[in-house]
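Student: Input start-v4.txt, format and content: compact mmCIF, C-alpha atoms.
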# COMPACT_ATOMS: atom_id res chain seq x y z
CA MET A 18 9.61 7.28 -1.42
CA ASN A 19 7.56 4.11 -1.78
CA SER A 20 9.59 3.08 -4.83
CA LEU A 21 12.77 1.12 -4.12
CA THR A 22 14.32 2.83 -7.13
CA ALA A 23 13.64 6.23 -5.57
CA ARG A 24 14.97 5.15 -2.18
CA LEU A 25 18.17 3.74 -3.69
CA ALA A 26 18.66 6.86 -5.81
CA ALA A 27 18.12 9.07 -2.76
CA ALA A 28 20.50 6.98 -0.65
CA PHE A 29 23.15 7.10 -3.40
CA ALA A 30 22.77 10.87 -3.77
CA ILE A 31 22.89 11.44 -0.01
CA MET A 32 25.98 9.28 0.44
CA ALA A 33 27.79 10.86 -2.52
CA THR A 34 26.89 14.38 -1.40
CA LEU A 35 27.81 13.79 2.24
CA THR A 36 31.08 12.14 1.23
CA LEU A 37 32.03 15.08 -0.97
CA ALA A 38 30.92 17.55 1.72
CA ALA A 39 33.06 15.74 4.31
CA ILE A 40 36.06 15.76 1.95
CA LEU A 41 35.62 19.47 1.26
CA VAL A 42 35.25 20.30 4.96
CA ALA A 43 38.38 18.29 5.72
CA GLY A 44 40.12 20.02 2.79
CA ARG A 45 39.19 23.43 4.17
CA TRP A 46 40.56 22.50 7.59
CA ILE A 47 43.80 21.17 6.06
CA LEU A 48 44.13 24.25 3.83
CA ASP A 49 43.69 26.55 6.83
CA ARG A 50 46.27 24.66 8.87
CA GLN A 51 48.76 24.46 6.03
CA VAL A 52 48.51 28.16 5.14
CA VAL A 53 48.88 29.17 8.79
CA ALA A 54 51.87 26.84 9.13
CA GLY A 55 53.31 28.46 6.00
CA ILE A 56 52.88 31.93 7.50
CA ASP A 57 54.65 30.75 10.64
CA LEU A 58 57.57 29.61 8.47
CA LEU A 59 57.60 32.98 6.69
CA ASN A 60 57.68 34.77 10.05
CA GLN A 61 60.55 32.50 11.10
CA ALA A 62 62.42 33.20 7.87
CA GLU A 63 61.90 36.93 8.30
CA PHE A 64 63.31 36.79 11.82
CA ASP A 65 66.31 34.76 10.67
CA GLU A 66 67.02 37.41 8.02
CA ILE A 67 66.76 40.26 10.57
CA SER A 68 68.89 38.49 13.19
CA ALA A 69 71.57 37.92 10.57
CA GLU A 70 71.67 41.65 9.79
CA ILE A 71 71.79 42.89 13.40
CA ASN A 72 75.05 42.85 15.39
CA GLY A 73 75.65 44.11 18.87
CA PRO A 74 73.37 45.18 21.71
CA PHE A 75 70.00 46.82 21.14
CA GLY A 76 70.52 50.52 20.52
CA PRO A 77 70.07 53.32 17.97
CA ALA A 78 71.99 51.43 15.31
CA VAL A 79 69.74 48.40 15.74
CA ILE A 80 66.62 50.59 15.67
CA ASP A 81 67.80 52.23 12.43
CA ALA A 82 68.42 48.83 10.86
CA LEU A 83 65.01 47.57 11.99
CA THR A 84 63.30 50.71 10.67
CA GLU A 85 64.91 50.30 7.27
CA HIS A 86 64.04 46.60 7.14
CA ALA A 87 60.46 47.26 8.29
CA LEU A 88 59.95 49.85 5.54
CA LEU A 89 61.02 47.32 2.91
CA ASP A 90 58.73 44.54 4.19
CA ALA A 91 55.84 46.75 5.37
CA PRO A 92 53.35 45.30 2.83
CA MET A 93 53.76 41.84 4.36
CA PHE A 94 54.85 42.11 8.00
CA PHE A 95 54.39 44.10 11.20
CA PHE A 96 57.33 44.39 13.63
CA GLN A 97 57.51 45.12 17.34
CA VAL A 98 60.29 44.75 19.95
CA HIS A 99 59.66 44.83 23.70
CA GLU A 100 61.51 44.06 26.87
CA SER A 101 60.72 41.16 29.15
CA GLY A 102 58.83 43.53 31.39
CA GLY A 103 56.58 44.57 28.51
CA ALA A 104 58.02 47.98 27.65
CA ILE A 105 57.94 48.50 23.87
CA LEU A 106 61.28 49.49 22.39
CA PHE A 107 60.36 49.50 18.70
CA ARG A 108 57.23 49.41 16.52
CA SER A 109 57.08 49.45 12.73
CA GLN A 110 55.36 52.43 11.18
CA ASN A 111 52.60 50.31 9.59
CA LEU A 112 51.32 49.46 13.10
CA GLY A 113 50.21 53.04 13.54
CA ALA A 114 48.83 53.52 17.03
CA ASN A 115 48.25 49.79 17.50
CA GLU A 116 50.34 47.50 19.61
CA LEU A 117 50.85 43.78 19.15
CA PRO A 118 49.70 41.80 22.22
CA ALA A 119 52.53 40.14 24.11
CA THR A 120 52.70 36.35 23.73
CA SER A 121 55.75 35.64 25.90
CA GLY A 122 55.34 32.53 27.99
CA ILE A 123 52.11 31.56 26.20
CA GLU A 124 53.06 30.08 22.85
CA PRO A 125 55.44 31.17 20.08
CA HIS A 126 52.73 31.51 17.42
CA ARG A 127 49.26 32.91 18.02
CA THR A 128 46.34 34.28 16.04
CA GLU A 129 45.00 37.57 17.37
CA ASP A 130 42.37 40.06 16.24
CA VAL A 131 44.00 43.49 16.49
CA ALA A 132 41.83 46.57 16.19
CA GLU A 133 42.13 48.34 12.81
CA LEU A 134 44.65 45.74 11.60
CA GLY A 135 42.33 42.75 11.50
CA VAL A 136 43.29 39.16 12.25
CA LEU A 137 47.05 38.66 12.51
CA ARG A 138 49.32 35.66 12.88
CA ILE A 139 51.90 36.74 15.46
CA SER A 140 55.21 34.96 16.06
CA GLU A 141 57.51 35.89 18.92
CA PHE A 142 61.29 35.32 18.98
CA GLN A 143 64.16 36.01 21.38
CA LEU A 144 66.39 38.81 20.06
CA GLY A 145 69.26 39.10 22.53
CA GLN A 146 67.75 40.34 25.78
CA GLN A 147 64.62 41.55 24.03
CA HIS A 148 61.59 39.90 22.46
CA MET A 149 60.83 40.50 18.80
CA GLN A 150 57.32 40.01 17.39
CA ILE A 151 56.68 39.57 13.68
CA ALA A 152 53.03 39.51 12.49
CA ALA A 153 51.43 38.79 9.13
CA SER A 154 47.83 39.52 8.16
CA LEU A 155 45.47 36.54 7.72
CA GLU A 156 43.11 38.55 5.54
CA PRO A 157 44.38 36.87 2.32
CA LEU A 158 43.84 33.51 3.99
CA ASN A 159 40.28 34.42 5.01
CA THR A 160 39.57 35.63 1.47
CA LEU A 161 40.95 32.35 0.12
CA LEU A 162 38.86 30.30 2.57
CA ALA A 163 35.70 32.28 1.72
CA ALA A 164 36.27 31.61 -2.00
CA TYR A 165 36.93 27.96 -1.18
CA THR A 166 33.66 27.78 0.79
CA ARG A 167 31.63 29.31 -2.05
CA MET A 168 33.21 26.93 -4.53
CA SER A 169 32.54 24.00 -2.20
CA VAL A 170 28.86 24.89 -1.77
CA GLY A 171 28.41 25.17 -5.51
CA LEU A 172 30.28 21.92 -6.08
CA VAL A 173 28.16 20.11 -3.48
CA ALA A 174 24.96 21.40 -5.12
CA VAL A 175 26.11 20.25 -8.56
CA VAL A 176 27.22 16.86 -7.24
CA ALA A 177 23.90 16.43 -5.38
CA LEU A 178 21.97 16.99 -8.61
CA VAL A 179 24.24 14.80 -10.70
CA SER A 180 24.30 12.05 -8.07
CA VAL A 181 20.48 11.97 -8.03
CA LEU A 182 20.44 11.39 -11.78
CA MET A 183 23.25 8.85 -11.51
CA GLY A 184 21.47 7.19 -8.59
CA VAL A 185 18.30 6.76 -10.64
CA VAL A 186 20.26 5.23 -13.51
CA PHE A 187 22.29 3.04 -11.16
CA SER A 188 19.26 1.82 -9.21
CA ARG A 189 17.30 1.02 -12.36
CA ILE A 190 20.23 -1.00 -13.69
CA ALA A 191 20.74 -2.71 -10.31
CA LEU A 192 17.04 -3.53 -9.91
CA ARG A 193 16.49 -4.71 -13.47
CA PRO A 194 16.87 -8.41 -12.46
CA ILE A 195 14.44 -7.85 -9.57
CA ARG A 196 11.87 -6.31 -11.94
CA GLU A 197 12.28 -9.26 -14.29
CA ILE A 198 11.69 -11.62 -11.38
CA GLY A 199 8.56 -9.65 -10.46
CA ARG A 200 7.18 -9.77 -14.01
CA THR A 201 7.72 -13.52 -14.18
CA ALA A 202 6.21 -14.08 -10.73
CA ARG A 203 3.10 -12.11 -11.71
CA ARG A 204 2.64 -14.32 -14.78
CA ILE A 205 2.64 -17.47 -12.66
CA GLY A 206 -0.93 -18.34 -11.70
CA ALA A 207 -3.24 -21.27 -11.18
CA ASP A 208 -3.29 -21.91 -14.92
CA ASN A 209 0.46 -21.35 -15.38
CA LEU A 210 2.18 -23.02 -12.44
CA ALA A 211 4.88 -24.69 -14.54
CA GLU A 212 6.67 -21.44 -15.47
CA ARG A 213 9.78 -20.59 -13.47
CA ILE A 214 11.97 -17.53 -12.96
CA PRO A 215 15.17 -17.51 -15.06
CA VAL A 216 18.22 -17.85 -12.79
CA PRO A 217 21.01 -15.37 -13.67
CA ALA A 218 24.41 -16.86 -14.40
CA THR A 219 26.07 -14.44 -11.97
CA ARG A 220 25.27 -16.67 -8.97
CA ASP A 221 24.90 -13.63 -6.72
CA GLU A 222 22.16 -12.59 -4.26
CA VAL A 223 19.70 -12.10 -7.14
CA ALA A 224 20.37 -15.61 -8.36
CA ASP A 225 19.84 -16.93 -4.82
CA LEU A 226 16.51 -15.06 -4.67
CA ALA A 227 15.42 -16.55 -8.01
CA LEU A 228 16.32 -20.06 -6.80
CA LEU A 229 14.44 -19.50 -3.54
CA LEU A 230 11.31 -18.30 -5.36
CA ASN A 231 11.49 -21.20 -7.82
CA ARG A 232 11.60 -23.65 -4.91
CA MET A 233 8.61 -21.87 -3.39
CA PHE A 234 6.71 -22.13 -6.69
CA ASP A 235 7.59 -25.84 -6.78
CA ARG A 236 5.92 -26.27 -3.39
CA ILE A 237 2.92 -24.20 -4.48
CA GLU A 238 2.52 -26.25 -7.66
CA SER A 239 2.71 -29.42 -5.62
CA GLY A 240 0.10 -28.06 -3.21
CA PHE A 241 -2.24 -27.04 -6.04
CA THR A 242 -1.85 -30.48 -7.58
CA GLU A 243 -2.78 -32.11 -4.29
CA VAL A 244 -5.80 -29.81 -3.87
CA ARG A 245 -7.00 -30.59 -7.39
CA ARG A 246 -6.55 -34.30 -6.73
CA PHE A 247 -8.41 -33.99 -3.42
CA THR A 248 -11.34 -32.10 -4.92
CA ALA A 249 -11.64 -34.63 -7.74
CA GLU A 250 -11.43 -37.65 -5.43
CA ALA A 251 -13.54 -36.12 -2.64
CA SER A 252 -16.33 -35.37 -5.11
CA HIS A 253 -16.58 -39.06 -5.81
CA GLU A 254 -15.59 -40.62 -2.48
CA LEU A 255 -17.89 -38.41 -0.39
CA LYS A 256 -20.88 -38.08 -2.66
CA THR A 257 -21.25 -41.76 -3.58
CA PRO A 258 -21.74 -43.05 0.02
CA LEU A 259 -24.21 -40.24 0.68
CA VAL A 260 -26.23 -41.14 -2.41
CA LEU A 261 -26.27 -44.81 -1.40
CA ALA A 262 -27.30 -43.93 2.17
CA ARG A 263 -30.10 -41.73 0.87
CA LEU A 264 -31.33 -44.42 -1.52
CA GLN A 265 -31.41 -46.97 1.29
CA ALA A 266 -33.26 -44.58 3.59
CA GLU A 267 -35.82 -43.75 0.90
CA LYS A 268 -36.31 -47.45 0.22
CA LEU A 269 -37.05 -48.14 3.87
CA ALA A 270 -39.47 -45.21 4.00
CA ARG A 271 -41.33 -46.44 0.87
CA ASP A 272 -41.70 -50.03 2.08
CA GLY A 273 -44.30 -48.97 4.68
CA HIS A 274 -42.99 -51.35 7.34
CA LEU A 275 -41.89 -48.54 9.65
CA SER A 276 -43.82 -47.22 12.61
CA ARG A 277 -44.83 -43.57 12.78
CA GLU A 278 -41.88 -42.75 15.07
CA GLN A 279 -39.50 -44.62 12.75
CA THR A 280 -40.91 -42.80 9.73
CA GLU A 281 -40.36 -39.44 11.42
CA ALA A 282 -36.82 -40.46 12.33
CA MET A 283 -36.19 -41.58 8.74
CA ASN A 284 -37.49 -38.27 7.37
CA SER A 285 -35.19 -36.46 9.81
CA LEU A 286 -32.30 -38.62 8.59
CA LEU A 287 -33.09 -37.75 4.97
CA GLY A 288 -33.08 -34.06 5.90
CA GLU A 289 -29.70 -34.38 7.57
CA LEU A 290 -28.33 -36.24 4.56
CA ASP A 291 -29.49 -33.37 2.34
CA ARG A 292 -27.83 -30.88 4.70
CA LEU A 293 -24.60 -32.90 4.74
CA GLN A 294 -24.65 -33.01 0.93
CA ARG A 295 -24.93 -29.22 0.77
CA VAL A 296 -22.09 -28.79 3.29
CA ILE A 297 -19.85 -31.09 1.23
CA ASP A 298 -20.69 -29.21 -1.96
CA ASN A 299 -19.92 -25.90 -0.28
CA LEU A 300 -16.63 -27.16 1.15
CA LEU A 301 -15.59 -28.48 -2.24
CA PHE A 302 -16.42 -25.10 -3.74
CA LEU A 303 -14.32 -23.28 -1.13
CA ALA A 304 -11.44 -25.69 -1.69
CA LYS A 305 -11.52 -24.99 -5.42
CA ALA A 306 -11.76 -21.24 -4.82
CA ASP A 307 -8.81 -21.32 -2.42
CA ALA A 308 -6.78 -23.30 -4.93
CA GLY A 309 -7.53 -20.79 -7.67
CA VAL A 310 -8.92 -23.43 -10.01
CA MET A 311 -12.37 -21.86 -10.36
CA GLN A 312 -13.07 -20.62 -13.85
CA LEU A 313 -15.39 -17.62 -14.06
CA ASN A 314 -17.19 -16.41 -17.13
CA LEU A 315 -16.40 -12.74 -16.63
CA ARG A 316 -17.87 -10.39 -19.19
CA GLU A 317 -18.68 -6.71 -19.24
CA GLN A 318 -22.42 -6.03 -19.11
CA ASP A 319 -25.10 -3.73 -17.74
CA PRO A 320 -25.95 -4.93 -14.21
CA GLN A 321 -29.41 -3.34 -14.30
CA THR A 322 -31.03 -6.29 -16.12
CA PHE A 323 -29.31 -8.76 -13.80
CA ILE A 324 -30.52 -6.92 -10.69
CA GLU A 325 -34.09 -6.72 -12.04
CA ALA A 326 -34.20 -10.49 -12.54
CA PHE A 327 -32.73 -11.13 -9.10
CA ALA A 328 -35.17 -8.70 -7.45
CA GLU A 329 -38.14 -10.74 -8.72
CA ASP A 330 -36.80 -13.90 -7.08
CA ALA A 331 -35.82 -11.99 -3.94
CA MET A 332 -39.37 -10.68 -3.61
CA VAL A 333 -40.78 -14.24 -3.70
CA LEU A 334 -38.29 -15.46 -1.10
CA ALA A 335 -39.04 -12.47 1.13
CA GLU A 336 -42.82 -13.02 0.93
CA ASP A 337 -42.33 -16.63 2.03
CA ARG A 338 -40.77 -15.24 5.23
CA ASP A 339 -43.42 -12.50 5.68
CA THR A 340 -40.78 -9.93 4.83
CA LYS A 341 -41.04 -6.94 2.53
CA PHE A 342 -38.36 -6.56 -0.18
CA SER A 343 -37.68 -3.19 -1.84
CA LEU A 344 -35.39 -2.32 -4.75
CA LEU A 345 -34.47 1.28 -3.94
CA ALA A 346 -31.94 1.90 -6.72
CA ASN A 347 -30.91 0.06 -9.89
CA GLU A 348 -28.63 2.17 -12.08
CA HIS A 349 -27.49 1.67 -15.65
CA GLY A 350 -23.78 1.20 -16.25
CA ARG A 351 -21.10 -1.31 -17.12
CA ALA A 352 -19.51 -3.90 -14.86
CA ARG A 353 -17.50 -7.07 -15.43
CA PHE A 354 -18.93 -10.07 -13.62
CA ASP A 355 -20.15 -13.67 -13.90
CA THR A 356 -23.96 -13.62 -13.67
CA GLU A 357 -24.28 -17.17 -12.30
CA TRP A 358 -21.81 -16.71 -9.46
CA MET A 359 -22.96 -13.17 -8.65
CA ARG A 360 -26.50 -14.51 -8.35
CA ARG A 361 -25.21 -17.01 -5.80
CA VAL A 362 -23.51 -14.22 -3.86
CA LEU A 363 -26.71 -12.18 -3.68
CA LEU A 364 -28.80 -15.23 -2.79
CA ASN A 365 -26.38 -16.06 0.05
CA ILE A 366 -26.52 -12.61 1.64
CA LEU A 367 -30.30 -12.40 1.05
CA THR A 368 -30.83 -15.81 2.66
CA ASN A 369 -28.64 -14.74 5.57
CA ALA A 370 -30.70 -11.56 6.05
CA LEU A 371 -34.00 -13.49 5.87
CA LYS A 372 -32.70 -16.13 8.25
CA PHE A 373 -31.77 -13.71 11.01
CA GLY A 374 -34.25 -10.90 10.37
CA PRO A 375 -37.59 -10.79 12.22
CA ARG A 376 -40.78 -11.58 10.34
CA GLY A 377 -42.53 -8.50 9.04
CA SER A 378 -39.28 -6.57 8.62
CA THR A 379 -38.02 -4.89 5.45
CA LEU A 380 -35.04 -5.63 3.16
CA ALA A 381 -33.74 -2.89 0.86
CA LEU A 382 -31.42 -3.45 -2.10
CA GLU A 383 -29.48 -0.73 -3.95
CA SER A 384 -27.35 -1.14 -7.04
CA ARG A 385 -25.24 1.85 -8.06
CA VAL A 386 -22.67 2.04 -10.84
CA ALA A 387 -19.80 4.54 -10.56
CA PRO A 388 -16.77 4.94 -12.84
CA ASP A 389 -14.55 3.15 -10.32
CA ALA A 390 -16.84 0.39 -9.05
CA TRP A 391 -20.23 -1.34 -9.03
CA ARG A 392 -21.67 -1.12 -5.51
CA ILE A 393 -24.50 -3.27 -4.18
CA THR A 394 -25.98 -2.65 -0.73
CA LEU A 395 -28.47 -4.87 1.11
CA THR A 396 -29.92 -3.44 4.31
CA ASP A 397 -32.07 -5.34 6.82
CA ASP A 398 -34.00 -4.53 10.00
CA GLY A 399 -32.48 -7.32 12.07
CA PRO A 400 -30.67 -7.03 15.39
CA GLY A 401 -27.32 -6.28 13.77
CA VAL A 402 -23.99 -7.79 14.78
CA PRO A 403 -21.61 -6.86 17.62
CA GLU A 404 -18.83 -4.62 16.27
CA ALA A 405 -16.17 -7.16 17.22
CA GLU A 406 -17.91 -9.83 15.13
CA LEU A 407 -18.45 -7.87 11.89
CA GLU A 408 -15.40 -9.38 10.22
CA ARG A 409 -15.73 -12.80 11.83
CA ILE A 410 -19.14 -13.50 10.26
CA PHE A 411 -17.35 -14.08 6.92
CA SER A 412 -15.32 -16.93 8.41
CA ARG A 413 -16.33 -20.54 7.83
CA PHE A 414 -18.75 -22.29 10.20
CA VAL A 415 -19.49 -19.07 12.10
CA GLN A 416 -23.09 -18.64 13.26
CA LEU A 417 -24.04 -15.95 15.74
CA SER A 418 -26.99 -17.46 17.57
CA GLU A 419 -27.50 -14.25 19.56
CA ARG A 420 -28.79 -12.54 16.40
CA THR A 421 -32.11 -14.35 16.62
CA SER A 422 -34.15 -16.33 19.07
CA GLU A 423 -35.33 -18.72 16.36
CA GLU A 424 -33.67 -21.99 15.44
CA VAL A 425 -31.90 -21.55 12.12
CA GLU A 426 -30.48 -24.04 9.65
CA GLY A 427 -27.16 -23.85 7.88
CA ALA A 428 -23.49 -24.54 8.42
CA GLY A 429 -22.21 -20.98 8.50
CA LEU A 430 -20.66 -21.17 5.01
CA GLY A 431 -22.89 -18.81 3.04
CA LEU A 432 -21.00 -15.57 3.70
CA ALA A 433 -17.62 -17.31 3.38
CA ILE A 434 -18.65 -18.55 -0.07
CA ALA A 435 -19.89 -15.07 -1.01
CA ARG A 436 -16.53 -13.54 -0.07
CA SER A 437 -14.60 -16.20 -2.01
CA ILE A 438 -16.68 -15.57 -5.14
CA LEU A 439 -16.20 -11.81 -4.86
CA GLN A 440 -12.46 -12.22 -4.37
CA LEU A 441 -12.38 -14.15 -7.65
CA HIS A 442 -14.06 -11.08 -9.18
CA GLY A 443 -11.43 -8.84 -7.58
CA GLY A 444 -14.18 -7.40 -5.37
CA THR A 445 -14.91 -7.07 -1.67
CA ILE A 446 -17.77 -7.48 0.79
CA ARG A 447 -18.07 -5.85 4.19
CA ALA A 448 -20.69 -5.66 6.92
CA THR A 449 -21.58 -2.59 8.96
CA ASN A 450 -24.30 -1.89 11.49
CA ARG A 451 -26.91 0.68 10.57
CA THR A 452 -26.58 4.03 12.31
CA ASP A 453 -30.21 5.15 11.96
CA ARG A 454 -31.72 2.10 13.65
CA ALA A 455 -31.07 -1.58 14.38
CA GLY A 456 -30.04 -3.58 11.35
CA LEU A 457 -27.12 -4.75 9.24
CA ARG A 458 -25.84 -3.38 5.96
CA MET A 459 -23.93 -5.60 3.52
CA THR A 460 -21.89 -3.69 0.91
CA ILE A 461 -20.41 -5.33 -2.16
CA GLU A 462 -17.93 -3.59 -4.43
CA ILE A 463 -16.64 -4.85 -7.76
CA PRO A 464 -14.00 -2.61 -9.41
CA GLY A 465 -15.03 -0.99 -12.65
Would you kindly transcribe this structure into structure tokens?

Tutor:
Amino acid sequence: MNSLTARLAAAFAIMATLTLAAILVAGRWILDRQVVAGIDLLNQAEFDEISAEINGPFGPAVIDALTEHALLDAPMFFFQVHESGGAILFRSQNLGANELPATSGIEPHRTEDVAELGVLRISEFQLGQQHMQIAASLEPLNTLLAAYTRMSVGLVAVVALVSVLMGVVFSRIALRPIREIGRTARRIGADNLAERIPVPATRDEVADLALLLNRMFDRIESGFTEVRRFTAEASHELKTPLVLARLQAEKLARDGHLSREQTEAMNSLLGELDRLQRVIDNLLFLAKADAGVMQLNLREQDPQTFIEAFAEDAMVLAEDRDTKFSLLANEHGRARFDTEWMRRVLLNILTNALKFGPRGSTLALESRVAPDAWRITLTDDGPGVPEAELERIFSRFVQLSERTSEEVEGAGLGLAIARSILQLHGGTIRATNRTDRAGLRMTIEIPG
């Protein structure tokens, strides 16, 4: 039921079915009441006919008249006359050995289940000094109600099926404007921010939604424009003063008029200027990635050659840190990626592992290609990361100093940049602690 179409169709079918079921239940109740009321009228009419035929006090002549009348109407009615004290004076032959229960002082019309006769509707009337009871069988009514119930169940089943089909058609028609809005919204991207959703002429809730989304896209386009303007201007406004400051510092260092302490301070300044330049470059990259203006050269290729080339460089970098690098797996296959940016991703996570791993430890890289994804795993022998910090290490400017006792350089942007690049590939990166020993495992996945 994740589809709105399915939920609307189900809701329509349920409401239609429950409405019909309620109508049929109410109809059955009304039918039962109306038929019973009709039987009461028939009993009343039968009594009026008998009372019109009988004259004088209750006696043999009256009994003969009642017997004759009862024989004529035996298929439809049962007759019984009793005194106020309960003594029965007359019973129609079709009652057999059964007696109708007295209803005097209770209510004039009652429904009773009489043994051998079934359910009867009994009406009691005053006949002179005696009480006359006329009863009619409710078996025809019960048969009618049973047939009505079977018909109702079948009708509800048919309506439930038809209403599901109608609900699907109705919901698809009703949601067609929403689907059109969705298709248009999916087409709008960083390279297509000027497109807008067509606003229906109906001026209903769908039109209001389209207008709201168009205003949102206007704000997004404005924001993207500002980000592009910022990245273009910041590239110039930030880099130029840094270049000039570096040139001036290098000039002072070359002149030879500085003392040894001043020369060391100037070299430290040049190092900090280089670090600041890298931070600015990284921030500009992240700004472009967030704005969606990065253009990747994605192409389908075999990652094995790419991994082999990277492994050679990784081995050199690892040796410089007295660390052993091993390529445990490098499978053939096909994956769609940008080699330049993927190289930067792997260099960032490798540099991070070398930075925080102890000297003499081992790094292991695995590259496996499955039908659904290309998976790269880099495992180190470092101290690992607290479980609560495994996601936080991919945030900007995050450095966990407790991972190592050595002083490390960097601004805490390497893993954030790696995640941004992988997101542009439609991929993911996650960190987990090793279970066999101390260490961290970085896993990259790019969908196939």

Student: When distances are computed from only C-alpha atoms, which of A:Glu357, A:Glu383, A:Asp397, A:Glu267 shows the smallest separation from Ile438 in chain A?

Tutor: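 Smallest separation from Ile438 in chain A among the options: A:Glu357.
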
Student: Find the residue from A:Leu37, A:Ala266, A:Leu161, A:Leu21 that sits nearest to Arg193 in chain A; use all atoms listed in the file when measuring.

Tutor: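 Comparing A:Leu37, A:Ala266, A:Leu161, A:Leu21 against Arg193 in chain A, the winner is A:Leu21.
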
Student: Would you work out the distance separating CA of Ala211 in chain A from CA of Glu238 in chain A, expressed in Å to one decimal?

Tutor: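 Computed distance, CA of Ala211 in chain A to CA of Glu238 in chain A, equals 7.4 Å.
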
Student: Pick out the residues sitting within 12 Å of Leu58 in chain A, and hand them over as a PyMOL selection string; count only C-alpha atoms, and ignore anything fewer than 5 positions along from it in its own chain.

Tutor: chain A and resi 51-53+63-65+125-126+138-140+151-153

Student: Identify which of the residues A:Ala28, A:Ser169, A:Gly350, A:Thr396 lies closest to Ala43 in chain A, counting all atoms listed in the file when measuring atom-to-atom distances.

Tutor: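 Nearest candidate to Ala43 in chain A out of A:Ala28, A:Ser169, A:Gly350, A:Thr396: A:Ser169.
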
Student: Go through A:Leu287, A:Ala26, A:Ala218, A:Ala262 and flag the residue nearest Arg189 in chain A, using all atoms listed in the file for the distances.

Tutor: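 Using all atoms listed in the file, the shortest distance to Arg189 in chain A belongs to A:Ala26.
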
Student: Between A:Ile67, A:Glu336, A:Val223, A:Ile214, which residue has the minimum interatomic distance to Leu192 in chain A, considering all atoms listed in the file?

Tutor: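 Nearest candidate to Leu192 in chain A out of A:Ile67, A:Glu336, A:Val223, A:Ile214: A:Val223.
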
Student: Find the residues around Ala224 in chain A up to 12 Å (all atoms listed in the file counted), leave out those fewer than 5 positions away in its own chain, and share them as a list in words.

Tutor: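 Using all atoms listed in the file, the neighbours found are Pro194, Ile195, Glu197, Ile198, Ile214, Pro215, Val216, Pro217, Ala218, Thr219, Leu229, Leu230 and Asn231 of chain A.
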
Student: At a cut-off of 7 Å, using all atoms listed in the file, what residues contact range 94-101 of chain A? Leave out same-chain residues fewer than 2 positions from it and give the result as a JSON list (two decimals) with C-alpha atoms, in the coordinates of the input.

Tutor:
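Final file, part-v8.json:
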[["chain", "number", "residue", "atom", "x", "y", "z"],
["A", 87, "ALA", "CA", 60.46, 47.26, 8.29],
["A", 90, "ASP", "CA", 58.73, 44.54, 4.19],
["A", 91, "ALA", "CA", 55.84, 46.75, 5.37],
["A", 92, "PRO", "CA", 53.35, 45.30, 2.83],
["A", 103, "GLY", "CA", 56.58, 44.57, 28.51],
["A", 104, "ALA", "CA", 58.02, 47.98, 27.65],
["A", 105, "ILE", "CA", 57.94, 48.50, 23.87],
["A", 106, "LEU", "CA", 61.28, 49.49, 22.39],
["A", 107, "PHE", "CA", 60.36, 49.50, 18.70],
["A", 108, "ARG", "CA", 57.23, 49.41, 16.52],
["A", 109, "SER", "CA", 57.08, 49.45, 12.73],
["A", 111, "ASN", "CA", 52.60, 50.31, 9.59],
["A", 112, "LEU", "CA", 51.32, 49.46, 13.10],
["A", 147, "GLN", "CA", 64.62, 41.55, 24.03],
["A", 148, "HIS", "CA", 61.59, 39.90, 22.46],
["A", 149, "MET", "CA", 60.83, 40.50, 18.80],
["A", 150, "GLN", "CA", 57.32, 40.01, 17.39],
["A", 151, "ILE", "CA", 56.68, 39.57, 13.68],
["A", 152, "ALA", "CA", 53.03, 39.51, 12.49],
["A", 153, "ALA", "CA", 51.43, 38.79, 9.13]]

Student: Quick one: distance from CA of Ala390 in chain A to CA of Ala352 in chain A in Å, one decimal?

Tutor: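 Interatomic distance here is 7.7 Å.
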
Student: Which distance in Å separates CA of Arg353 in chain A and CA of Gln318 in chain A, to one decimal?

Tutor: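 Answer for the CA of Arg353 in chain A to CA of Gln318 in chain A separation: 6.2 Å.
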
Student: List every protein, DNA or RNA residue with an atom no more than 12 Å from (24.9, 14.7, -7.0) in the file's coordinates, counting all atoms listed in the file, and format the result as a short mmCIF file (atom, residue, chain, number, x, y, z; two decimals) with C-alpha atoms, keeping the file's coordinate frame.

Tutor:
data_model
loop_
_atom_site.label_atom_id
_atom_site.label_comp_id
_atom_site.auth_asym_id
_atom_site.auth_seq_id
_atom_site.Cartn_x
_atom_site.Cartn_y
_atom_site.Cartn_z
CA ALA A 26 18.66 6.86 -5.81
CA ALA A 27 18.12 9.07 -2.76
CA ALA A 28 20.50 6.98 -0.65
CA PHE A 29 23.15 7.10 -3.40
CA ALA A 30 22.77 10.87 -3.77
CA ILE A 31 22.89 11.44 -0.01
CA MET A 32 25.98 9.28 0.44
CA ALA A 33 27.79 10.86 -2.52
CA THR A 34 26.89 14.38 -1.40
CA LEU A 35 27.81 13.79 2.24
CA THR A 36 31.08 12.14 1.23
CA LEU A 37 32.03 15.08 -0.97
CA ALA A 38 30.92 17.55 1.72
CA GLY A 171 28.41 25.17 -5.51
CA LEU A 172 30.28 21.92 -6.08
CA VAL A 173 28.16 20.11 -3.48
CA ALA A 174 24.96 21.40 -5.12
CA VAL A 175 26.11 20.25 -8.56
CA VAL A 176 27.22 16.86 -7.24
CA ALA A 177 23.90 16.43 -5.38
CA LEU A 178 21.97 16.99 -8.61
CA VAL A 179 24.24 14.80 -10.70
CA SER A 180 24.30 12.05 -8.07
CA VAL A 181 20.48 11.97 -8.03
CA LEU A 182 20.44 11.39 -11.78
CA MET A 183 23.25 8.85 -11.51
CA GLY A 184 21.47 7.19 -8.59
CA VAL A 185 18.30 6.76 -10.64
#
